[in-house]
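K.L.:
As input, take coords-v2.txt (compact mmCIF, C-alpha atoms):
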```txt
# COMPACT_ATOMS: atom_id res chain seq x y z
CA MET P 1 69.89 85.73 104.42
CA LYS P 2 72.85 87.66 105.79
CA TYR P 3 74.34 84.44 107.20
CA PHE P 4 74.50 82.88 103.72
CA GLN P 5 76.57 85.87 102.59
CA SER P 6 79.10 85.46 105.40
CA THR P 7 82.69 84.23 105.19
CA GLY P 8 81.99 81.54 107.80
CA PHE P 9 79.21 80.09 105.66
CA PHE P 10 81.51 80.09 102.63
CA CYS P 11 84.18 78.19 104.60
CA LEU P 12 81.63 75.47 105.36
CA LEU P 13 80.40 75.59 101.76
CA TYR P 14 83.97 75.17 100.52
CA LEU P 15 84.44 72.02 102.64
CA GLY P 16 81.11 70.60 101.48
CA VAL P 17 81.82 71.19 97.80
CA PHE P 18 85.38 69.89 98.12
CA TRP P 19 84.41 66.60 99.76
CA CYS P 20 81.30 65.99 97.64
CA LEU P 21 83.23 66.51 94.42
CA SER P 22 86.31 64.62 95.63
CA PHE P 23 84.38 61.50 96.60
CA GLY P 24 81.70 61.71 93.91
CA VAL P 25 84.02 62.26 90.96
CA SER P 26 86.66 59.76 92.18
CA ILE P 27 84.02 57.01 92.19
CA LEU P 28 83.12 57.73 88.55
CA ILE P 29 86.59 58.67 87.32
CA PRO P 30 89.57 56.77 88.82
CA ASN P 31 92.14 59.13 87.24
CA SER P 32 93.30 61.36 90.13
CA GLN P 33 94.42 64.22 87.88
CA ILE P 34 91.06 64.47 86.12
CA THR P 35 89.36 64.29 89.52
CA ASN P 36 91.56 67.10 90.87
CA ALA P 37 90.87 69.26 87.81
CA ILE P 38 87.11 68.81 88.17
CA VAL P 39 87.28 69.58 91.90
CA TYR P 40 89.19 72.81 91.28
CA VAL P 41 86.80 73.90 88.53
CA GLY P 42 83.85 73.12 90.81
CA ILE P 43 85.34 75.16 93.68
CA ALA P 44 86.06 78.07 91.33
CA LEU P 45 82.49 78.10 90.01
CA CYS P 46 81.15 77.83 93.56
CA GLY P 47 83.27 80.80 94.64
CA ILE P 48 82.20 82.95 91.71
CA LEU P 49 78.52 82.13 92.22
CA PHE P 50 78.80 82.83 95.96
CA THR P 51 80.36 86.23 95.25
CA ILE P 52 77.72 87.16 92.70
CA ILE P 53 74.70 85.90 94.68
CA SER P 54 75.89 87.56 97.90
CA GLY P 55 76.11 90.86 96.03
CA LYS P 56 79.83 91.39 96.56
CA ASP P 57 81.98 93.40 94.16
CA ILE P 58 84.02 90.71 92.36
CA LYS P 59 86.87 93.05 91.43
CA LYS P 60 87.18 94.36 95.00
CA THR P 61 86.62 91.00 96.71
CA LEU P 62 89.18 89.15 94.58
CA ARG P 63 91.50 92.15 94.32
CA LEU P 64 91.65 91.98 90.56
CA HIS P 65 94.01 94.95 90.46
CA LYS P 66 97.13 95.60 88.44
CA MET P 67 100.49 95.34 90.14
CA HIS P 68 103.75 97.08 89.27
CA VAL P 69 105.36 95.28 86.32
CA GLY P 70 108.77 95.38 87.97
CA SER P 71 107.48 93.47 90.99
CA ILE P 72 106.65 90.42 88.85
CA ILE P 73 110.31 89.35 88.83
CA LEU P 74 110.58 90.04 92.57
CA VAL P 75 107.51 87.93 93.29
CA ILE P 76 109.01 85.03 91.31
CA LEU P 77 112.31 85.41 93.17
CA MET P 78 110.49 85.48 96.49
CA SER P 79 108.75 82.21 95.63
CA LEU P 80 112.26 80.75 95.44
CA THR P 81 113.72 82.38 98.55
CA ILE P 82 110.87 81.22 100.83
CA ARG P 83 111.37 77.62 99.73
CA PRO P 84 114.25 76.70 102.10
CA PHE P 85 112.27 77.89 105.15
CA ALA P 86 109.14 76.08 103.95
CA SER P 87 111.25 72.95 103.41
CA LEU P 88 112.64 73.24 106.93
CA ILE P 89 109.11 73.42 108.37
CA SER P 90 107.99 70.54 106.15
CA GLN P 91 110.90 68.35 107.26
CA MET P 92 110.19 69.03 110.91
CA GLY P 93 106.52 68.26 110.34
CA THR P 94 107.42 64.96 108.70
CA MET P 95 109.31 63.92 111.82
CA ILE P 96 106.12 64.28 113.85
CA PHE P 97 103.24 63.53 111.50
CA GLN P 98 102.47 60.95 108.82
CA ASP P 99 103.53 62.03 105.33
CA ILE P 100 100.64 61.21 103.00
CA THR P 101 101.57 63.71 100.31
CA THR P 102 104.65 61.99 98.83
CA SER P 103 102.66 58.99 97.58
CA SER P 104 100.01 61.36 96.20
CA ILE P 105 102.67 63.28 94.27
CA ASN P 106 104.02 59.99 92.95
CA ARG P 107 100.60 59.08 91.51
CA GLN P 108 100.25 62.50 89.90
CA LEU P 109 103.70 62.36 88.30
CA SER P 110 103.07 58.94 86.77
CA ASN P 111 100.94 60.63 84.10
CA GLY P 112 103.63 63.07 82.98
CA LEU P 113 105.06 66.47 83.88
CA ILE P 114 102.60 68.77 82.05
CA PRO P 115 99.44 67.20 83.54
CA ALA P 116 101.09 67.29 86.97
CA LEU P 117 101.99 70.96 86.59
CA THR P 118 98.42 71.71 85.55
CA THR P 119 96.73 70.00 88.50
CA MET P 120 99.38 70.65 91.15
CA ALA P 121 100.67 74.13 90.25
CA PHE P 122 98.47 76.05 87.80
CA LEU P 123 95.00 75.14 89.11
CA PRO P 124 95.92 75.35 92.83
CA GLY P 125 97.60 78.71 92.27
CA LEU P 126 94.58 80.04 90.41
CA VAL P 127 91.68 78.56 92.38
CA GLU P 128 93.13 78.43 95.90
CA GLU P 129 94.24 82.04 95.70
CA MET P 130 90.85 83.11 94.40
CA THR P 131 89.28 81.21 97.29
CA PHE P 132 91.61 81.82 100.23
CA ARG P 133 93.27 85.18 99.45
CA GLY P 134 90.22 86.41 97.58
CA ILE P 135 86.82 85.51 99.04
CA ILE P 136 87.88 84.23 102.47
CA TYR P 137 90.61 86.79 103.16
CA SER P 138 88.52 89.75 102.08
CA GLY P 139 85.83 88.65 104.54
CA LEU P 140 88.19 88.00 107.46
CA ARG P 141 90.21 91.16 106.82
CA LYS P 142 87.32 93.51 107.59
CA ALA P 143 88.46 93.76 111.20
CA ASN P 144 92.13 94.39 110.38
CA PRO P 145 94.75 92.99 107.97
CA ILE P 146 96.83 91.27 110.65
CA LYS P 147 93.90 89.20 111.94
CA GLY P 148 92.82 88.57 108.36
CA ILE P 149 96.23 87.19 107.43
CA LEU P 150 96.41 84.95 110.51
CA LEU P 151 92.87 83.58 110.24
CA SER P 152 92.97 82.99 106.47
CA ALA P 153 96.38 81.30 106.79
CA LEU P 154 95.01 79.06 109.55
CA PHE P 155 92.10 77.89 107.43
CA PHE P 156 94.33 77.57 104.35
CA GLY P 157 96.70 75.31 106.26
CA LEU P 158 94.02 73.17 107.88
CA ALA P 159 91.98 72.93 104.67
CA HIS P 160 94.72 70.59 103.37
CA MET P 161 93.30 68.28 106.04
CA ASN P 162 96.50 66.60 107.14
CA PHE P 163 98.85 67.84 109.84
CA GLN P 164 102.08 67.43 107.89
CA GLN P 165 100.92 69.72 105.09
CA PHE P 166 99.39 72.13 107.58
CA CYS P 167 102.85 72.84 109.02
CA TYR P 168 104.19 74.48 105.87
CA ALA P 169 100.85 75.49 104.29
CA PHE P 170 100.12 77.74 107.29
CA PHE P 171 103.51 79.41 106.80
CA LEU P 172 102.82 79.88 103.08
CA GLY P 173 99.39 81.29 103.91
CA LEU P 174 101.06 83.96 106.05
CA VAL P 175 103.50 84.80 103.26
CA PHE P 176 100.77 84.98 100.60
CA GLY P 177 98.67 87.19 102.88
CA LEU P 178 101.56 89.62 103.31
CA VAL P 179 102.30 89.68 99.59
CA ILE P 180 98.71 90.45 98.61
CA GLU P 181 98.82 93.38 101.03
CA ALA P 182 102.14 94.50 99.53
CA THR P 183 100.70 94.56 96.00
CA ASP P 184 96.92 94.91 96.54
CA SER P 185 96.63 92.39 93.70
CA ILE P 186 95.67 88.73 93.77
CA PHE P 187 97.72 88.21 90.61
CA SER P 188 100.87 88.46 92.75
CA THR P 189 99.93 85.56 95.02
CA MET P 190 98.60 83.51 92.12
CA LEU P 191 101.98 83.88 90.42
CA MET P 192 103.91 83.11 93.62
CA HIS P 193 101.73 80.09 94.42
CA MET P 194 102.10 78.69 90.89
CA CYS P 195 105.89 79.20 90.90
CA PHE P 196 106.31 77.64 94.36
CA ASN P 197 104.21 74.58 93.50
CA GLY P 198 105.65 74.36 90.00
CA LEU P 199 109.21 74.12 91.30
CA SER P 200 108.10 71.46 93.81
CA VAL P 201 106.54 69.44 90.99
CA ALA P 202 109.65 69.82 88.81
CA ILE P 203 111.97 68.69 91.64
CA SER P 204 109.68 65.74 92.46
CA TYR P 205 109.55 64.81 88.77
CA ILE P 206 113.34 64.64 88.60
CA MET P 207 113.43 62.57 91.81
CA TYR P 208 110.66 60.32 90.51
CA HIS P 209 112.52 59.49 87.29
CA SER P 210 115.85 59.12 89.06
CA GLY P 211 114.29 56.58 91.44
CA THR P 212 114.91 58.70 94.56
CA LEU P 213 111.21 59.20 95.27
CA SER P 214 110.56 55.47 94.91
CA LYS P 215 113.26 54.69 97.47
CA ILE P 216 111.61 57.08 99.93
CA LEU P 217 108.21 55.50 99.34
CA ASN P 218 109.61 52.01 99.76
CA SER P 219 111.17 52.80 103.13
CA SER P 220 109.29 51.50 106.17
CA THR P 221 108.25 55.03 107.09
CA VAL P 222 108.98 58.35 105.47
CA ALA P 223 109.70 59.77 108.91
CA GLN P 224 112.72 57.44 109.15
CA THR P 225 114.28 59.17 106.12
CA THR P 226 114.06 62.50 107.94
CA THR P 227 116.61 62.95 110.72
CA TRP P 228 117.70 65.86 112.84
CA ASP P 229 120.86 65.99 110.72
CA SER P 230 118.82 66.71 107.58
CA VAL P 231 116.87 69.38 109.47
CA ILE P 232 120.01 71.05 110.83
CA ILE P 233 121.54 71.12 107.35
CA LEU P 234 118.57 73.17 106.14
CA ILE P 235 118.79 75.82 108.87
CA PRO P 236 121.47 78.12 107.30
CA SER P 237 119.78 78.21 103.88
CA ALA P 238 116.35 78.59 105.53
CA PHE P 239 117.33 81.69 107.48
CA LEU P 240 119.31 83.16 104.57
CA GLY P 241 116.25 82.63 102.40
CA ALA P 242 114.07 84.26 105.07
CA VAL P 243 116.29 87.37 105.14
CA LEU P 244 116.25 87.62 101.34
CA SER P 245 112.46 87.12 101.36
CA ILE P 246 111.99 90.01 103.78
CA LEU P 247 114.12 92.29 101.59
CA LEU P 248 112.19 91.24 98.48
CA PHE P 249 108.89 91.78 100.30
CA LEU P 250 109.90 95.33 101.24
CA ALA P 251 110.99 96.01 97.64
CA ILE P 252 107.68 94.65 96.30
CA ALA P 253 105.70 96.83 98.72
CA LYS P 254 107.74 99.90 97.78
CA LEU P 255 107.34 99.35 94.04
CA ASN P 256 103.58 99.09 94.49
CA GLY P 257 103.38 102.15 96.73
CA ARG P 258 102.26 100.09 99.74
CA LEU P 259 105.34 100.21 102.00
CA GLY P 260 104.16 103.26 103.93
CA TYR P 261 100.78 101.62 104.50
CA ILE P 262 102.36 98.41 105.83
CA LYS P 263 104.57 100.44 108.18
CA THR P 264 101.40 101.81 109.79
CA TRP P 265 100.66 98.29 111.09
CA PHE P 266 103.40 98.86 113.68
CA SER P 267 101.80 102.05 115.01
CA LYS P 268 99.56 101.56 118.05
CA ASP P 269 97.74 104.81 117.30
CA ILE P 270 96.92 103.68 113.77
CA ARG P 271 95.83 100.22 114.91
CA LYS P 272 93.42 101.83 117.37
CA THR P 273 91.58 103.36 114.41
CA TRP P 274 90.97 99.97 112.79
CA PRO P 275 87.38 98.68 112.93
CA LYS P 276 86.56 96.74 116.09
CA GLU P 277 84.29 94.45 114.09
CA LYS P 278 84.71 90.76 114.91
CA ALA P 279 86.80 89.01 112.26
CA SER P 280 85.71 85.39 112.66
CA SER P 281 82.40 83.69 113.37
CA ILE P 282 81.07 80.47 114.87
CA SER P 283 80.75 78.99 111.36
CA TYR P 284 84.41 79.77 110.66
CA TRP P 285 85.50 77.93 113.83
CA ILE P 286 83.18 75.01 113.04
CA ALA P 287 84.92 74.74 109.66
CA ILE P 288 88.28 74.81 111.46
CA GLY P 289 87.07 72.09 113.82
CA ILE P 290 85.92 69.90 110.92
CA CYS P 291 89.33 70.22 109.25
CA ILE P 292 91.14 69.29 112.48
CA PHE P 293 88.86 66.29 113.02
CA ILE P 294 89.41 65.00 109.46
CA ALA P 295 93.17 65.57 109.75
CA PHE P 296 93.17 63.60 113.02
CA ILE P 297 91.28 60.69 111.43
CA ILE P 298 93.65 60.67 108.45
CA GLU P 299 96.68 60.79 110.78
CA VAL P 300 95.43 57.89 112.90
CA ALA P 301 94.46 55.86 109.81
CA GLY P 302 97.92 56.45 108.32
CA GLN P 303 99.68 55.37 111.50
CA LEU P 304 97.60 52.18 111.70
CA HIS P 305 98.15 51.30 108.03
```
Please lay out the structure from this file as structure tokens.

P.N.:
Amino acid sequence: MKYFQSTGFFCLLYLGVFWCLSFGVSILIPNSQITNAIVYVGIALCGILFTIISGKDIKKTLRLHKMHVGSIILVILMSLTIRPFASLISQMGTMIFQDITTSSINRQLSNGLIPALTTMAFLPGLVEEMTFRGIIYSGLRKANPIKGILLSALFFGLAHMNFQQFCYAFFLGLVFGLVIEATDSIFSTMLMHMCFNGLSVAISYIMYHSGTLSKILNSSTVAQTTTWDSVIILIPSAFLGAVLSILLFLAIAKLNGRLGYIKTWFSKDIRKTWPKEKASSISYWIAIGICIFIAFIIEVAGQLH
């Protein structure tokens, strides 16, 4: 019974629910946005039921705590300042791996901006944060916050199940993990996730209607549109954004009274007092392996197409 209450089991359960709903609903309903909405609702219900049945404290597990009102603006600003670095990672990933997300975004945008914002910004920000920074992170964090952040970010990145998205999703997972520790509130990462995705959708929408996105899609390969020149151009803004993000992160932690706690992470004596309990499990690594296998199949299929 204890196994079915574990984080590793939930990771496997998440993958099972995601794929069953994705394939099952898409067969019955061809509209990708409706399918995505149903999948997110299904995952949310699954997560809530898992938390209740396993006897976990929902408020504590999901970190449904208030955050300092002043940090709301800082969180929104940080969602903007991390974008150049995430874009740099994404561009570099596109040079190596098949980009299967651009065409997906194109299909989502064809139905209008508001539906796209709902299924690509609001629902992911709400449900993915509840899942990854709530249930999964709270389980992996029991050993120590640093391992929790790394392991939850790894699964978050690979759960996108394609290598190109993994590159920047892993980075975002690290950032979201740090922010939830800086605020002790999942509302902060939900807001940041929604703002980050929302801006991406808005930019893509403008490109879509200006014809820029169509030109990219009509090129022989998306990788050909990404050159080292375009990567190099991003470097100054990426590192400036990274510096600003660090400053905003420190300000957010200070406003929420968590800066002193985060500083203790750098103390060897303090880290020695952290529980020695194992963070991950075999089930967690099986889930990781499944994600890598699926991403590999998708990558190969995309290259052969």

K.L.:
Rank nothing, just name the residue among P:Ile288, P:Ala253, P:Ile186, P:Ala238 nearest to Ile58 in chain P, using only C-alpha atoms.

P.N.:
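With only C-alpha atoms as the atom set, the closest residue is P:Ile186.
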
K.L.:
Which residue, P:Tyr208, P:Tyr3, P:Phe170, P:Phe97, has the smallest gap to Phe155 in chain P when you use all atoms listed in the file?

P.N.:
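Counting all atoms listed in the file, the residue closest to Phe155 in chain P is P:Phe170.
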
K.L.:
Could you check which of P:Phe293, P:Ala287, P:Ser210, P:Met190 is closest to Phe156 in chain P, using all atoms listed in the file?

P.N.:
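Among P:Phe293, P:Ala287, P:Ser210, P:Met190, it is P:Ala287 that comes nearest to Phe156 in chain P.
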
K.L.:
Just want the 12 Å neighbourhood of Ile53 in chain P, counted on only C-alpha atoms, with same-chain residues fewer than 2 positions away dropped. Output as a PyMOL selection string.

P.N.:
chain P and resi 1-2+4-6+10+45-51+55-58

K.L.:
Could you give me the axis-aligned bounding box of range 136-144 of chain P, with 6 Å of padding per side, as centre plus edge lengths in Å to one decimal, as lines of an AutoDock Vina configuration file?

P.N.:
```
center_x = 89.0
center_y = 89.3
center_z = 106.6
size_x = 18.3
size_y = 22.2
size_z = 21.1
```

K.L.:
To one decimal place, how far is CA of Gln33 in chain P from CA of Gly177 in chain P in Å?

P.N.:
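According to the coordinates, CA of Gln33 in chain P and CA of Gly177 in chain P are separated by 27.8 Å.
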
K.L.:
Within 12 Å of (98.1, 56.0, 107.8) (coordinates as in the file), grab all the protein and nucleic acid residues, counting only C-alpha atoms, and write them out as a list in words.

P.N.:
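Residues lying no farther than 12 Å from the given point: Phe97, Gln98, Asp99, Ile100, Thr101, Ser103, Asn162, Thr221, Val222, Ala295, Phe296, Ile297, Ile298, Glu299, Val300, Ala301, Gly302, Gln303, Leu304 and His305 of chain P.
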
K.L.:
Generate a file for range 64-161 of chain P, containing C-alpha atoms, as a compact mmCIF listing (two decimals), in the first residue's frame.

P.N.:
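Written file, selection-v2.txt:
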```
# COMPACT_ATOMS: atom_id res chain seq x y z
CA LEU P 64 -1.23 26.50 -0.97
CA HIS P 65 0.28 29.34 1.05
CA LYS P 66 0.03 33.09 0.68
CA MET P 67 2.98 34.98 -0.72
CA HIS P 68 3.99 38.59 -0.14
CA VAL P 69 1.81 40.85 -2.29
CA GLY P 70 4.80 42.91 -3.37
CA SER P 71 6.52 39.85 -4.82
CA ILE P 72 3.73 39.34 -7.37
CA ILE P 73 5.16 42.09 -9.59
CA LEU P 74 8.67 40.70 -9.12
CA VAL P 75 7.54 37.22 -10.12
CA ILE P 76 5.96 38.60 -13.29
CA LEU P 77 9.14 40.55 -14.07
CA MET P 78 11.24 37.46 -13.49
CA SER P 79 9.11 35.52 -15.98
CA LEU P 80 10.25 38.12 -18.52
CA THR P 81 13.93 38.28 -17.53
CA ILE P 82 14.43 34.49 -17.74
CA ARG P 83 13.04 34.43 -21.28
CA PRO P 84 16.24 35.42 -23.16
CA PHE P 85 18.24 32.64 -21.46
CA ALA P 86 15.46 30.11 -22.10
CA SER P 87 15.35 31.25 -25.73
CA LEU P 88 19.12 30.79 -26.02
CA ILE P 89 18.83 27.21 -24.71
CA SER P 90 15.86 26.55 -27.00
CA GLN P 91 17.74 27.82 -30.05
CA MET P 92 20.74 25.66 -29.27
CA GLY P 93 18.45 22.67 -28.77
CA THR P 94 16.82 23.29 -32.14
CA MET P 95 20.21 23.06 -33.82
CA ILE P 96 20.62 19.53 -32.48
CA PHE P 97 17.13 18.07 -32.17
CA GLN P 98 13.98 18.01 -34.28
CA ASP P 99 11.59 20.88 -33.53
CA ILE P 100 8.11 19.38 -33.28
CA THR P 101 6.63 22.15 -31.16
CA THR P 102 6.40 24.93 -33.77
CA SER P 103 3.87 23.06 -35.90
CA SER P 104 1.91 22.18 -32.76
CA ILE P 105 1.76 25.86 -31.78
CA ASN P 106 0.61 26.70 -35.30
CA ARG P 107 -2.34 24.31 -34.98
CA GLN P 108 -3.29 25.74 -31.60
CA LEU P 109 -3.17 29.34 -32.84
CA SER P 110 -5.41 28.60 -35.81
CA ASN P 111 -8.40 28.60 -33.45
CA GLY P 112 -7.73 32.05 -32.00
CA LEU P 113 -5.69 33.75 -29.30
CA ILE P 114 -7.97 33.23 -26.27
CA PRO P 115 -8.37 29.45 -26.74
CA ALA P 116 -4.61 29.19 -27.29
CA LEU P 117 -3.88 31.15 -24.11
CA THR P 118 -6.25 28.89 -22.20
CA THR P 119 -4.74 25.59 -23.33
CA MET P 120 -1.11 26.69 -23.66
CA ALA P 121 -0.70 29.16 -20.78
CA PHE P 122 -3.47 29.06 -18.18
CA LEU P 123 -4.05 25.30 -17.92
CA PRO P 124 -0.35 24.31 -18.12
CA GLY P 125 0.53 26.91 -15.50
CA LEU P 126 -2.22 25.68 -13.20
CA VAL P 127 -2.06 21.90 -13.68
CA GLU P 128 1.65 21.38 -14.37
CA GLU P 129 2.63 23.40 -11.33
CA MET P 130 0.16 21.51 -9.16
CA THR P 131 1.64 18.28 -10.50
CA PHE P 132 5.37 18.97 -10.78
CA ARG P 133 6.04 21.65 -8.15
CA GLY P 134 3.26 20.36 -5.93
CA ILE P 135 2.85 16.59 -5.68
CA ILE P 136 6.10 15.46 -7.32
CA TYR P 137 8.39 18.10 -5.84
CA SER P 138 7.04 17.71 -2.32
CA GLY P 139 7.79 13.99 -2.53
CA LEU P 140 11.29 14.35 -4.00
CA ARG P 141 12.20 17.22 -1.67
CA LYS P 142 12.00 15.10 1.48
CA ALA P 143 15.73 14.38 1.25
CA ASN P 144 16.77 17.99 0.64
CA PRO P 145 15.58 20.94 -1.48
CA ILE P 146 18.54 20.90 -3.87
CA LYS P 147 17.98 17.26 -4.88
CA GLY P 148 14.25 17.92 -5.02
CA ILE P 149 14.71 20.82 -7.43
CA LEU P 150 17.09 18.85 -9.68
CA LEU P 151 15.01 15.66 -9.79
CA SER P 152 11.65 17.40 -10.28
CA ALA P 153 13.16 19.61 -13.02
CA LEU P 154 14.55 16.51 -14.75
CA PHE P 155 11.18 14.80 -14.83
CA PHE P 156 9.43 18.04 -15.79
CA GLY P 157 11.75 18.46 -18.76
CA LEU P 158 11.58 14.86 -19.93
CA ALA P 159 7.81 14.65 -19.40
CA HIS P 160 7.48 16.89 -22.48
CA MET P 161 8.75 13.78 -24.26
```
